[in-house]
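To start, the structure itself, in structure tokens.
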Amino acid sequence: MFHWILRNVLGKLAARRVRRKLNAFEVATQNPREVQETLLRTVLARQAETGFGRDHRFRDIQTIADFRRQLPVAPYEYFEPYIMRVTRGDFRALTSEPTVHMFAMTSGTTASRKFVPVTPQYLADYRRGWNIWGLKAFRDHKEVRFRPIVQLSGDWQEFRTEAGIPCGAVTGLTATMQLRIIRWLYCVPACVGKLKDPAAKYYLALRLSLPRKVGMIIAANPSTLLAMARAGDQEKEKLIRDLHDGTLDRHFDIPDEIRAALNRRIRKRHPDRARDLEEIVRRTGTLYPKDYWPSNAGKDADPATPGSIIGTWTGGSVGFYLRHFPKYYGDTPVRDIGLIASEGRMTIPMADATPSGVLDVTTHYFEFIPEEEADSPRPTVLATHELKEGKTYFILLTTSYGLYRYHIYDLVRVTGFHNNTPLVEFLSKGAHFANITGEKLSEYHVSGAMTGALKELDLALSTYSLAPCWDDERPYYGLFIETGDLADRAQGIRLTQALERRLAEVNVEYASKRESQRLGPVRLELLPAGAWQQWDRCRLARTGGTVEQYKHPCLISDPKFRESIVTIQR
């Protein structure tokens, strides 16, 4: 009965809202220049009397030229002094809003973590972007509307600032703030986000989701979806037994308070579903999502037949993971969730099977620096309406919650246009970053960690580089060193272990990906004597410049680097 009400009463009301929101966004994409410039004026006017606004004379800004003259293109560190004042309770340092719900946390360019203030306007912007994405996905896949959703969230209260403001994952906050009728659609409650053990988290998510006819599976990182699928197969006997008996296996590290909070859901027995899963295992020998949450894809798909779709990142280096999806998820349609970070959403994909999304011109003001001018002291800066198809740019964003001309170091390509607004796909973090699965390692992280590791072991190296190495089961970072720099292989292994520990200390995202087993540990990759000299010579010839100006990179971002250089074993 409840499901019938959702589809036939609330569904009709929601349909009008869907059309209204999508139509408004369509209108905005017709004239991105006017929409963007109006948005910028609104943001600057609202924030003019903040500490940051007064220091940068927002009241004097009348034109785009004024805006660019009075505010530099800046990384997180430029805003950090103002943000630190907000963490101590001085909200007016950066935002005109009287409330900061929490700080969204992510790894910084340096050793420090980023604190992004989550204000009421932040949440409104965050929800608007997700609503447009979801409404378009539901319009394109009518069979999944009002069907249960599997989405893993994080802990929004990892710790608190000295003013008592929570810090953590914004997904955890939004999960707790859902309306009750909406909360029913989500299989995994917010309290599951507090679990630190990845194995326990994946198991519990499946234990709560398997009884339901899931319509959408969402995780920003595709490696999360693969890890969850593999966990389900690995623990299939426990899952089937728990579903049949209405229990939750004690093998997993799940605190008693979370078990108690979920008791009503867990104690309900599902013997019929357990038998269905047993039959899948008997027939296939495995327990994969393609069998227990089958898709409804293809030209002959029936909108009335239950099916599912996947929402996840597909661009940049994470696209490597998609090759494994057919094994676990079959032909389930995949829609990129867009270029989105703790600092804000940048794109909204409007179709399946592409990493490209239309710029969210209604939420943030965007500027772009051509890739070839990344290191220029006075780069060309372009507005949204000035972009060209096929060109690559670094994206800058100005938000309503305290970031202005913010350099997030994301490299993007314009792939076309939606009406008059660019379609953009994420390519990579900048040249000074590497990012296999969300760890966002910077050269600063690597050089700092290596300095500490060498000091710890009383070693010296002439030249080295860390580079991502692709592996179908578990990618890792390789430490590439010439054999002559080491006494023996054992010394190199000790160095990789020390480097591994320190990378986890300086980069919380790296530590998280290692803990969840999405990344393997750093491995030693030995090069013959003279290899780096030859590589540097070729690189200098390719990139130009002088020998005096040349700097060997301690971090190489290309995940195919290992294939391009000869390594030796000893």
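Lettering and numbering for the structure tokens are positional, with chains as A, B, ... in the shown order, residues counted from 1 in each chain, and ligands counted from 1 in the shown order.
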Can you list every residue of stretch 452-511 of chain A that has an atom at most 12 Å from stretch 558-567 of chain A, with its nearest atom pair and the distance in Å to one decimal, using only C-alpha atoms, ordered by chain then number, as CSV?
residue,atom,partner,partner_atom,distance
A:Ser465,CA,A:Phe561,CA,10.6
A:Leu466,CA,A:Phe561,CA,10.1
A:Ala467,CA,A:Pro559,CA,6.9
A:Pro468,CA,A:Pro559,CA,4.9
A:Cys469,CA,A:Pro559,CA,5.3
A:Trp470,CA,A:Pro559,CA,6.1
A:Asp471,CA,A:Pro559,CA,9.9
A:Pro475,CA,A:Pro559,CA,9.3
A:Tyr476,CA,A:Pro559,CA,9.7
A:Tyr477,CA,A:Pro559,CA,9.1
A:Gly478,CA,A:Arg562,CA,8.2
A:Leu479,CA,A:Arg562,CA,10.3
A:Phe480,CA,A:Thr567,CA,8.5
A:Ile481,CA,A:Thr567,CA,9.5
A:Glu482,CA,A:Thr567,CA,9.2
A:Thr483,CA,A:Thr567,CA,10.0
Taking only stretch 180-295 of chain A into account, list the residues labelled alpha helix (DSSP H) by DSSP (computed from the backbone), as a PDB file with N, CA, C and O atoms, in the first residue's frame.
ATOM      1  N   ARG A 180      11.388  11.829   6.622  1.00  0.00           N
ATOM      2  CA  ARG A 180      11.136  10.423   6.940  1.00  0.00           C
ATOM      3  C   ARG A 180      10.652   9.636   5.721  1.00  0.00           C
ATOM      4  O   ARG A 180      11.089   8.508   5.487  1.00  0.00           O
ATOM      5  N   ILE A 181       9.780  10.236   4.928  1.00  0.00           N
ATOM      6  CA  ILE A 181       9.236   9.521   3.775  1.00  0.00           C
ATOM      7  C   ILE A 181      10.314   9.263   2.728  1.00  0.00           C
ATOM      8  O   ILE A 181      10.287   8.278   2.004  1.00  0.00           O
ATOM      9  N   ILE A 182      11.311  10.178   2.648  1.00  0.00           N
ATOM     10  CA  ILE A 182      12.427   9.978   1.729  1.00  0.00           C
ATOM     11  C   ILE A 182      13.408   8.973   2.313  1.00  0.00           C
ATOM     12  O   ILE A 182      13.972   8.133   1.593  1.00  0.00           O
ATOM     13  N   ARG A 183      13.593   9.049   3.624  1.00  0.00           N
ATOM     14  CA  ARG A 183      14.533   8.144   4.296  1.00  0.00           C
ATOM     15  C   ARG A 183      14.162   6.688   4.060  1.00  0.00           C
ATOM     16  O   ARG A 183      15.021   5.816   4.007  1.00  0.00           O
ATOM     17  N   PRO A 198      36.019  -1.083   6.906  1.00  0.00           N
ATOM     18  CA  PRO A 198      35.375  -1.193   5.596  1.00  0.00           C
ATOM     19  C   PRO A 198      34.638  -2.511   5.399  1.00  0.00           C
ATOM     20  O   PRO A 198      33.544  -2.534   4.826  1.00  0.00           O
ATOM     21  N   ALA A 199      35.219  -3.622   5.855  1.00  0.00           N
ATOM     22  CA  ALA A 199      34.572  -4.924   5.679  1.00  0.00           C
ATOM     23  C   ALA A 199      33.223  -4.961   6.379  1.00  0.00           C
ATOM     24  O   ALA A 199      32.227  -5.457   5.832  1.00  0.00           O
ATOM     25  N   ALA A 200      33.171  -4.408   7.590  1.00  0.00           N
ATOM     26  CA  ALA A 200      31.911  -4.367   8.335  1.00  0.00           C
ATOM     27  C   ALA A 200      30.900  -3.465   7.636  1.00  0.00           C
ATOM     28  O   ALA A 200      29.699  -3.768   7.591  1.00  0.00           O
ATOM     29  N   LYS A 201      31.382  -2.352   7.094  1.00  0.00           N
ATOM     30  CA  LYS A 201      30.493  -1.399   6.427  1.00  0.00           C
ATOM     31  C   LYS A 201      29.872  -2.009   5.177  1.00  0.00           C
ATOM     32  O   LYS A 201      28.663  -1.892   4.943  1.00  0.00           O
ATOM     33  N   TYR A 202      30.688  -2.669   4.354  1.00  0.00           N
ATOM     34  CA  TYR A 202      30.166  -3.301   3.142  1.00  0.00           C
ATOM     35  C   TYR A 202      29.168  -4.400   3.497  1.00  0.00           C
ATOM     36  O   TYR A 202      28.099  -4.524   2.882  1.00  0.00           O
ATOM     37  N   TYR A 203      29.520  -5.207   4.505  1.00  0.00           N
ATOM     38  CA  TYR A 203      28.639  -6.313   4.892  1.00  0.00           C
ATOM     39  C   TYR A 203      27.296  -5.781   5.381  1.00  0.00           C
ATOM     40  O   TYR A 203      26.232  -6.268   4.978  1.00  0.00           O
ATOM     41  N   LEU A 204      27.337  -4.785   6.244  1.00  0.00           N
ATOM     42  CA  LEU A 204      26.097  -4.260   6.805  1.00  0.00           C
ATOM     43  C   LEU A 204      25.247  -3.601   5.725  1.00  0.00           C
ATOM     44  O   LEU A 204      24.016  -3.732   5.723  1.00  0.00           O
ATOM     45  N   ALA A 205      25.890  -2.896   4.796  1.00  0.00           N
ATOM     46  CA  ALA A 205      25.139  -2.283   3.694  1.00  0.00           C
ATOM     47  C   ALA A 205      24.399  -3.338   2.887  1.00  0.00           C
ATOM     48  O   ALA A 205      23.221  -3.166   2.532  1.00  0.00           O
ATOM     49  N   LEU A 206      25.058  -4.455   2.607  1.00  0.00           N
ATOM     50  CA  LEU A 206      24.407  -5.535   1.863  1.00  0.00           C
ATOM     51  C   LEU A 206      23.341  -6.237   2.697  1.00  0.00           C
ATOM     52  O   LEU A 206      22.268  -6.583   2.191  1.00  0.00           O
ATOM     53  N   ARG A 207      23.639  -6.437   3.974  1.00  0.00           N
ATOM     54  CA  ARG A 207      22.654  -7.107   4.848  1.00  0.00           C
ATOM     55  C   ARG A 207      21.342  -6.323   4.882  1.00  0.00           C
ATOM     56  O   ARG A 207      20.246  -6.916   4.925  1.00  0.00           O
ATOM     57  N   LEU A 208      21.419  -4.991   4.849  1.00  0.00           N
ATOM     58  CA  LEU A 208      20.224  -4.154   4.892  1.00  0.00           C
ATOM     59  C   LEU A 208      19.577  -3.980   3.524  1.00  0.00           C
ATOM     60  O   LEU A 208      18.385  -3.686   3.441  1.00  0.00           O
ATOM     61  N   SER A 209      20.352  -4.152   2.464  1.00  0.00           N
ATOM     62  CA  SER A 209      19.851  -3.859   1.118  1.00  0.00           C
ATOM     63  C   SER A 209      19.352  -5.085   0.367  1.00  0.00           C
ATOM     64  O   SER A 209      18.451  -4.974  -0.471  1.00  0.00           O
ATOM     65  N   PRO A 222      33.994   4.259  -8.077  1.00  0.00           N
ATOM     66  CA  PRO A 222      33.624   2.913  -8.541  1.00  0.00           C
ATOM     67  C   PRO A 222      34.356   1.806  -7.808  1.00  0.00           C
ATOM     68  O   PRO A 222      33.862   0.674  -7.738  1.00  0.00           O
ATOM     69  N   SER A 223      35.523   2.102  -7.234  1.00  0.00           N
ATOM     70  CA  SER A 223      36.232   1.073  -6.473  1.00  0.00           C
ATOM     71  C   SER A 223      35.424   0.641  -5.256  1.00  0.00           C
ATOM     72  O   SER A 223      35.512  -0.508  -4.816  1.00  0.00           O
ATOM     73  N   THR A 224      34.615   1.553  -4.705  1.00  0.00           N
ATOM     74  CA  THR A 224      33.742   1.204  -3.580  1.00  0.00           C
ATOM     75  C   THR A 224      32.712   0.167  -4.002  1.00  0.00           C
ATOM     76  O   THR A 224      32.435  -0.802  -3.276  1.00  0.00           O
ATOM     77  N   LEU A 225      32.132   0.362  -5.183  1.00  0.00           N
ATOM     78  CA  LEU A 225      31.109  -0.569  -5.666  1.00  0.00           C
ATOM     79  C   LEU A 225      31.705  -1.941  -5.957  1.00  0.00           C
ATOM     80  O   LEU A 225      31.068  -2.973  -5.703  1.00  0.00           O
ATOM     81  N   LEU A 226      32.928  -1.971  -6.484  1.00  0.00           N
ATOM     82  CA  LEU A 226      33.573  -3.259  -6.717  1.00  0.00           C
ATOM     83  C   LEU A 226      33.906  -3.949  -5.402  1.00  0.00           C
ATOM     84  O   LEU A 226      33.706  -5.160  -5.264  1.00  0.00           O
ATOM     85  N   ALA A 227      34.387  -3.179  -4.426  1.00  0.00           N
ATOM     86  CA  ALA A 227      34.723  -3.767  -3.120  1.00  0.00           C
ATOM     87  C   ALA A 227      33.476  -4.338  -2.454  1.00  0.00           C
ATOM     88  O   ALA A 227      33.514  -5.419  -1.852  1.00  0.00           O
ATOM     89  N   MET A 228      32.344  -3.618  -2.559  1.00  0.00           N
ATOM     90  CA  MET A 228      31.109  -4.107  -1.959  1.00  0.00           C
ATOM     91  C   MET A 228      30.629  -5.377  -2.664  1.00  0.00           C
ATOM     92  O   MET A 228      30.184  -6.329  -2.018  1.00  0.00           O
ATOM     93  N   ALA A 229      30.727  -5.413  -3.987  1.00  0.00           N
ATOM     94  CA  ALA A 229      30.294  -6.600  -4.733  1.00  0.00           C
ATOM     95  C   ALA A 229      31.147  -7.811  -4.371  1.00  0.00           C
ATOM     96  O   ALA A 229      30.631  -8.923  -4.179  1.00  0.00           O
ATOM     97  N   ARG A 230      32.454  -7.607  -4.267  1.00  0.00           N
ATOM     98  CA  ARG A 230      33.347  -8.712  -3.910  1.00  0.00           C
ATOM     99  C   ARG A 230      33.105  -9.181  -2.479  1.00  0.00           C
ATOM    100  O   ARG A 230      33.150 -10.383  -2.190  1.00  0.00           O
ATOM    101  N   ALA A 231      32.821  -8.226  -1.590  1.00  0.00           N
ATOM    102  CA  ALA A 231      32.537  -8.586  -0.198  1.00  0.00           C
ATOM    103  C   ALA A 231      31.276  -9.444  -0.111  1.00  0.00           C
ATOM    104  O   ALA A 231      31.213 -10.395   0.684  1.00  0.00           O
ATOM    105  N   GLY A 232      30.273  -9.114  -0.910  1.00  0.00           N
ATOM    106  CA  GLY A 232      29.041  -9.895  -0.893  1.00  0.00           C
ATOM    107  C   GLY A 232      29.260 -11.333  -1.315  1.00  0.00           C
ATOM    108  O   GLY A 232      28.679 -12.262  -0.738  1.00  0.00           O
ATOM    109  N   ASP A 233      30.110 -11.527  -2.314  1.00  0.00           N
ATOM    110  CA  ASP A 233      30.400 -12.893  -2.751  1.00  0.00           C
ATOM    111  C   ASP A 233      31.262 -13.618  -1.718  1.00  0.00           C
ATOM    112  O   ASP A 233      31.013 -14.789  -1.402  1.00  0.00           O
ATOM    113  N   GLN A 234      32.229 -12.930  -1.169  1.00  0.00           N
ATOM    114  CA  GLN A 234      33.120 -13.547  -0.183  1.00  0.00           C
ATOM    115  C   GLN A 234      32.360 -13.978   1.074  1.00  0.00           C
ATOM    116  O   GLN A 234      32.665 -15.016   1.669  1.00  0.00           O
ATOM    117  N   LYS A 236      29.025 -14.643   1.270  1.00  0.00           N
ATOM    118  CA  LYS A 236      27.675 -15.046   0.859  1.00  0.00           C
ATOM    119  C   LYS A 236      27.002 -16.010   1.835  1.00  0.00           C
ATOM    120  O   LYS A 236      25.792 -15.917   2.071  1.00  0.00           O
ATOM    121  N   GLU A 237      27.759 -16.900   2.438  1.00  0.00           N
ATOM    122  CA  GLU A 237      27.141 -17.850   3.368  1.00  0.00           C
ATOM    123  C   GLU A 237      26.617 -17.120   4.606  1.00  0.00           C
ATOM    124  O   GLU A 237      25.497 -17.398   5.074  1.00  0.00           O
ATOM    125  N   LYS A 238      27.395 -16.189   5.133  1.00  0.00           N
ATOM    126  CA  LYS A 238      26.952 -15.422   6.301  1.00  0.00           C
ATOM    127  C   LYS A 238      25.731 -14.572   5.953  1.00  0.00           C
ATOM    128  O   LYS A 238      24.775 -14.479   6.740  1.00  0.00           O
ATOM    129  N   LEU A 239      25.763 -13.933   4.777  1.00  0.00           N
ATOM    130  CA  LEU A 239      24.642 -13.084   4.377  1.00  0.00           C
ATOM    131  C   LEU A 239      23.347 -13.879   4.261  1.00  0.00           C
ATOM    132  O   LEU A 239      22.291 -13.463   4.762  1.00  0.00           O
ATOM    133  N   ILE A 240      23.423 -15.006   3.611  1.00  0.00           N
ATOM    134  CA  ILE A 240      22.219 -15.824   3.424  1.00  0.00           C
ATOM    135  C   ILE A 240      21.686 -16.320   4.772  1.00  0.00           C
ATOM    136  O   ILE A 240      20.473 -16.298   5.028  1.00  0.00           O
ATOM    137  N   ARG A 241      22.591 -16.733   5.640  1.00  0.00           N
ATOM    138  CA  ARG A 241      22.160 -17.209   6.962  1.00  0.00           C
ATOM    139  C   ARG A 241      21.536 -16.076   7.773  1.00  0.00           C
ATOM    140  O   ARG A 241      20.485 -16.254   8.414  1.00  0.00           O
ATOM    141  N   ASP A 242      22.152 -14.890   7.753  1.00  0.00           N
ATOM    142  CA  ASP A 242      21.602 -13.766   8.503  1.00  0.00           C
ATOM    143  C   ASP A 242      20.232 -13.354   7.979  1.00  0.00           C
ATOM    144  O   ASP A 242      19.332 -13.013   8.766  1.00  0.00           O
ATOM    145  N   LEU A 243      20.054 -13.361   6.667  1.00  0.00           N
ATOM    146  CA  LEU A 243      18.748 -13.006   6.099  1.00  0.00           C
ATOM    147  C   LEU A 243      17.684 -14.024   6.501  1.00  0.00           C
ATOM    148  O   LEU A 243      16.543 -13.663   6.819  1.00  0.00           O
ATOM    149  N   HIS A 244      18.057 -15.266   6.504  1.00  0.00           N
ATOM    150  CA  HIS A 244      17.105 -16.323   6.858  1.00  0.00           C
ATOM    151  C   HIS A 244      16.726 -16.263   8.335  1.00  0.00           C
ATOM    152  O   HIS A 244      15.540 -16.407   8.701  1.00  0.00           O
ATOM    153  N   ASP A 245      17.715 -15.984   9.204  1.00  0.00           N
ATOM    154  CA  ASP A 245      17.480 -16.073  10.644  1.00  0.00           C
ATOM    155  C   ASP A 245      17.106 -14.744  11.296  1.00  0.00           C
ATOM    156  O   ASP A 245      16.723 -14.724  12.475  1.00  0.00           O
ATOM    157  N   ASP A 256      27.924  -2.123  19.436  1.00  0.00           N
ATOM    158  CA  ASP A 256      26.616  -2.507  19.959  1.00  0.00           C
ATOM    159  C   ASP A 256      25.567  -1.422  19.756  1.00  0.00           C
ATOM    160  O   ASP A 256      24.398  -1.725  19.517  1.00  0.00           O
ATOM    161  N   GLU A 257      25.987  -0.129  19.834  1.00  0.00           N
ATOM    162  CA  GLU A 257      24.989   0.934  19.671  1.00  0.00           C
ATOM    163  C   GLU A 257      24.424   0.978  18.251  1.00  0.00           C
ATOM    164  O   GLU A 257      23.251   1.297  18.041  1.00  0.00           O
ATOM    165  N   ILE A 258      25.252   0.621  17.255  1.00  0.00           N
ATOM    166  CA  ILE A 258      24.747   0.567  15.882  1.00  0.00           C
ATOM    167  C   ILE A 258      23.868  -0.661  15.703  1.00  0.00           C
ATOM    168  O   ILE A 258      22.813  -0.598  15.062  1.00  0.00           O
ATOM    169  N   ARG A 259      24.266  -1.783  16.292  1.00  0.00           N
ATOM    170  CA  ARG A 259      23.423  -2.985  16.235  1.00  0.00           C
ATOM    171  C   ARG A 259      22.056  -2.698  16.865  1.00  0.00           C
ATOM    172  O   ARG A 259      21.019  -3.097  16.328  1.00  0.00           O
ATOM    173  N   ALA A 260      22.065  -1.974  17.984  1.00  0.00           N
ATOM    174  CA  ALA A 260      20.798  -1.673  18.662  1.00  0.00           C
ATOM    175  C   ALA A 260      19.925  -0.748  17.813  1.00  0.00           C
ATOM    176  O   ALA A 260      18.703  -0.931  17.722  1.00  0.00           O
ATOM    177  N   ALA A 261      20.560   0.254  17.179  1.00  0.00           N
ATOM    178  CA  ALA A 261      19.800   1.196  16.359  1.00  0.00           C
ATOM    179  C   ALA A 261      19.150   0.514  15.164  1.00  0.00           C
ATOM    180  O   ALA A 261      18.107   0.957  14.674  1.00  0.00           O
ATOM    181  N   ASN A 263      18.211  -2.748  15.133  1.00  0.00           N
ATOM    182  CA  ASN A 263      17.628  -4.015  15.577  1.00  0.00           C
ATOM    183  C   ASN A 263      16.307  -4.329  14.884  1.00  0.00           C
ATOM    184  O   ASN A 263      16.058  -5.464  14.468  1.00  0.00           O
ATOM    185  N   ARG A 264      15.433  -3.313  14.749  1.00  0.00           N
ATOM    186  CA  ARG A 264      14.125  -3.560  14.131  1.00  0.00           C
ATOM    187  C   ARG A 264      14.272  -4.041  12.691  1.00  0.00           C
ATOM    188  O   ARG A 264      13.531  -4.913  12.240  1.00  0.00           O
ATOM    189  N   ARG A 265      15.216  -3.471  11.970  1.00  0.00           N
ATOM    190  CA  ARG A 265      15.420  -3.892  10.586  1.00  0.00           C
ATOM    191  C   ARG A 265      16.052  -5.287  10.521  1.00  0.00           C
ATOM    192  O   ARG A 265      15.684  -6.106   9.680  1.00  0.00           O
ATOM    193  N   ILE A 266      17.036  -5.499  11.389  1.00  0.00           N
ATOM    194  CA  ILE A 266      17.819  -6.728  11.315  1.00  0.00           C
ATOM    195  C   ILE A 266      16.983  -7.952  11.730  1.00  0.00           C
ATOM    196  O   ILE A 266      17.095  -9.029  11.129  1.00  0.00           O
ATOM    197  N   PRO A 271      13.208 -15.473   4.798  1.00  0.00           N
ATOM    198  CA  PRO A 271      13.533 -16.825   4.321  1.00  0.00           C
ATOM    199  C   PRO A 271      13.372 -16.987   2.814  1.00  0.00           C
ATOM    200  O   PRO A 271      14.160 -17.698   2.179  1.00  0.00           O
ATOM    201  N   ASP A 272      12.363 -16.328   2.225  1.00  0.00           N
ATOM    202  CA  ASP A 272      12.169 -16.454   0.778  1.00  0.00           C
ATOM    203  C   ASP A 272      13.346 -15.833   0.013  1.00  0.00           C
ATOM    204  O   ASP A 272      13.822 -16.398  -0.973  1.00  0.00           O
ATOM    205  N   ARG A 273      13.793 -14.670   0.481  1.00  0.00           N
ATOM    206  CA  ARG A 273      14.926 -14.030  -0.179  1.00  0.00           C
ATOM    207  C   ARG A 273      16.178 -14.866   0.001  1.00  0.00           C
ATOM    208  O   ARG A 273      16.997 -14.994  -0.923  1.00  0.00           O
ATOM    209  N   ALA A 274      16.363 -15.454   1.166  1.00  0.00           N
ATOM    210  CA  ALA A 274      17.518 -16.325   1.409  1.00  0.00           C
ATOM    211  C   ALA A 274      17.515 -17.498   0.439  1.00  0.00           C
ATOM    212  O   ALA A 274      18.554 -17.877  -0.106  1.00  0.00           O
ATOM    213  N   ARG A 275      16.322 -18.084   0.197  1.00  0.00           N
ATOM    214  CA  ARG A 275      16.247 -19.200  -0.742  1.00  0.00           C
ATOM    215  C   ARG A 275      16.566 -18.749  -2.169  1.00  0.00           C
ATOM    216  O   ARG A 275      17.227 -19.463  -2.925  1.00  0.00           O
ATOM    217  N   ASP A 276      16.102 -17.545  -2.526  1.00  0.00           N
ATOM    218  CA  ASP A 276      16.431 -17.010  -3.856  1.00  0.00           C
ATOM    219  C   ASP A 276      17.949 -16.871  -4.033  1.00  0.00           C
ATOM    220  O   ASP A 276      18.500 -17.216  -5.080  1.00  0.00           O
ATOM    221  N   LEU A 277      18.604 -16.358  -3.000  1.00  0.00           N
ATOM    222  CA  LEU A 277      20.051 -16.166  -3.083  1.00  0.00           C
ATOM    223  C   LEU A 277      20.786 -17.503  -3.106  1.00  0.00           C
ATOM    224  O   LEU A 277      21.799 -17.659  -3.812  1.00  0.00           O
ATOM    225  N   GLU A 278      20.288 -18.472  -2.343  1.00  0.00           N
ATOM    226  CA  GLU A 278      20.878 -19.811  -2.373  1.00  0.00           C
ATOM    227  C   GLU A 278      20.792 -20.410  -3.778  1.00  0.00           C
ATOM    228  O   GLU A 278      21.734 -21.061  -4.243  1.00  0.00           O
ATOM    229  N   GLU A 279      19.689 -20.155  -4.451  1.00  0.00           N
ATOM    230  CA  GLU A 279      19.510 -20.680  -5.809  1.00  0.00           C
ATOM    231  C   GLU A 279      20.482 -19.997  -6.769  1.00  0.00           C
ATOM    232  O   GLU A 279      21.040 -20.633  -7.670  1.00  0.00           O
ATOM    233  N   ILE A 280      20.722 -18.690  -6.588  1.00  0.00           N
ATOM    234  CA  ILE A 280      21.703 -17.985  -7.420  1.00  0.00           C
ATOM    235  C   ILE A 280      23.080 -18.608  -7.242  1.00  0.00           C
ATOM    236  O   ILE A 280      23.796 -18.866  -8.226  1.00  0.00           O
ATOM    237  N   VAL A 281      23.476 -18.854  -5.995  1.00  0.00           N
ATOM    238  CA  VAL A 281      24.778 -19.448  -5.714  1.00  0.00           C
ATOM    239  C   VAL A 281      24.858 -20.858  -6.303  1.00  0.00           C
ATOM    240  O   VAL A 281      25.881 -21.251  -6.888  1.00  0.00           O
ATOM    241  N   ARG A 282      23.781 -21.639  -6.156  1.00  0.00           N
ATOM    242  CA  ARG A 282      23.779 -23.000  -6.713  1.00  0.00           C
ATOM    243  C   ARG A 282      23.950 -22.977  -8.230  1.00  0.00           C
ATOM    244  O   ARG A 282      24.686 -23.776  -8.809  1.00  0.00           O
ATOM    245  N   ARG A 283      23.297 -22.008  -8.871  1.00  0.00           N
ATOM    246  CA  ARG A 283      23.303 -21.928 -10.334  1.00  0.00           C
ATOM    247  C   ARG A 283      24.594 -21.347 -10.885  1.00  0.00           C
ATOM    248  O   ARG A 283      25.092 -21.794 -11.921  1.00  0.00           O
ATOM    249  N   THR A 284      25.149 -20.319 -10.215  1.00  0.00           N
ATOM    250  CA  THR A 284      26.297 -19.590 -10.768  1.00  0.00           C
ATOM    251  C   THR A 284      27.603 -19.849 -10.026  1.00  0.00           C
ATOM    252  O   THR A 284      28.678 -19.595 -10.567  1.00  0.00           O
ATOM    253  N   PRO A 289      25.952  -8.755  -7.715  1.00  0.00           N
ATOM    254  CA  PRO A 289      24.794  -7.858  -7.876  1.00  0.00           C
ATOM    255  C   PRO A 289      24.028  -8.071  -9.180  1.00  0.00           C
ATOM    256  O   PRO A 289      22.816  -7.852  -9.225  1.00  0.00           O
ATOM    257  N   LYS A 290      24.693  -8.486 -10.243  1.00  0.00           N
ATOM    258  CA  LYS A 290      23.995  -8.664 -11.524  1.00  0.00           C
ATOM    259  C   LYS A 290      22.900  -9.718 -11.428  1.00  0.00           C
ATOM    260  O   LYS A 290      21.967  -9.725 -12.244  1.00  0.00           O
ATOM    261  N   ASP A 291      23.007 -10.590 -10.406  1.00  0.00           N
ATOM    262  CA  ASP A 291      21.992 -11.629 -10.220  1.00  0.00           C
ATOM    263  C   ASP A 291      20.957 -11.260  -9.169  1.00  0.00           C
ATOM    264  O   ASP A 291      19.778 -11.584  -9.304  1.00  0.00           O
ATOM    265  N   TYR A 292      21.376 -10.578  -8.075  1.00  0.00           N
ATOM    266  CA  TYR A 292      20.371 -10.249  -7.048  1.00  0.00           C
ATOM    267  C   TYR A 292      19.768  -8.860  -7.226  1.00  0.00           C
ATOM    268  O   TYR A 292      18.719  -8.562  -6.669  1.00  0.00           O
TER     269      TYR A 292
END
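Residues in contact range of A:Thr347, defined as at most 7 Å between only C-alpha atoms, with sequence neighbours fewer than 6 positions away removed, read Gly338, Leu339, Gly357, Val358, Leu359 and Asp360 of chain A.
The space between atom CA of A:Gly51 and atom CA of A:Gly402 spans 10.4 Å.
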Exercise for the section: Pick out the residues sitting within 9 Å of A:Ile132, and hand them over as a PyMOL selection string; count only C-alpha atoms, and ignore anything fewer than 6 positions along from it in its own chain. Expected result: chain A and resi 18+21-22+25+348
With C-alpha atoms retained, could you export that selection as a PDB file, in the first residue's frame?
ATOM      1  CA  VAL A  18      10.502  17.396 -11.825  1.00  0.00           C
ATOM      2  CA  LYS A  21      13.091  22.125 -11.907  1.00  0.00           C
ATOM      3  CA  LEU A  22      14.468  20.590 -15.072  1.00  0.00           C
ATOM      4  CA  PHE A  25      17.786  24.449 -15.447  1.00  0.00           C
ATOM      5  CA  ILE A 348      25.693  17.524 -13.896  1.00  0.00           C
TER       6      ILE A 348
END
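What separates atom CA of A:Val506 from atom CA of A:Leu441 is a distance of 9.5 Å.
Of the listed residues A:Leu454, A:Ile310, A:Ile340, A:Cys554, the one whose atoms come nearest to A:His141 is A:Ile310, with distances taken using only C-alpha atoms.
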Practice task
Per DSSP on the backbone, filter stretch 306-400 of chain A down to the residues in strand (DSSP E) and report them as a ChimeraX atom specification.
Solution key: /A:309-312,334-336,340-341,344-345,347-348,357-359,365-370,382-383,392-398
Problem - Between atom CA of A:Pro32 and atom CA of A:Lys429 - distance in Å to one decimal - result: 25.4 Å
Practice task
Fewer than 2 positions away in the same chain doesn't count, so skip those; otherwise give me all residues within 10 Å of A:His418, counting only C-alpha atoms, as a PyMOL selection string.
Solution key: chain A and resi 26+29-30+350+357-359+415-416+420-424
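You can rank A:Leu503, A:Ala169, A:Glu80, A:Phe417 by their closest distance to A:His101 using only C-alpha atoms, and at the top of that list sits A:Ala169.
Neighbours of stretch 373-389 of chain A closer than or equal to 6 Å, with only C-alpha atoms counted and sequence neighbours fewer than 2 positions away skipped, come out as Arg33, Glu367, Phe368, Ile369, Pro370, Glu371, Lys391, Val414, Thr415 and Gly416 of chain A.
With only C-alpha atoms as the atoms that count, the residue of A:Leu555, A:Leu173, A:Leu71, A:Leu123 with the shortest distance to A:Glu443 is A:Leu555.
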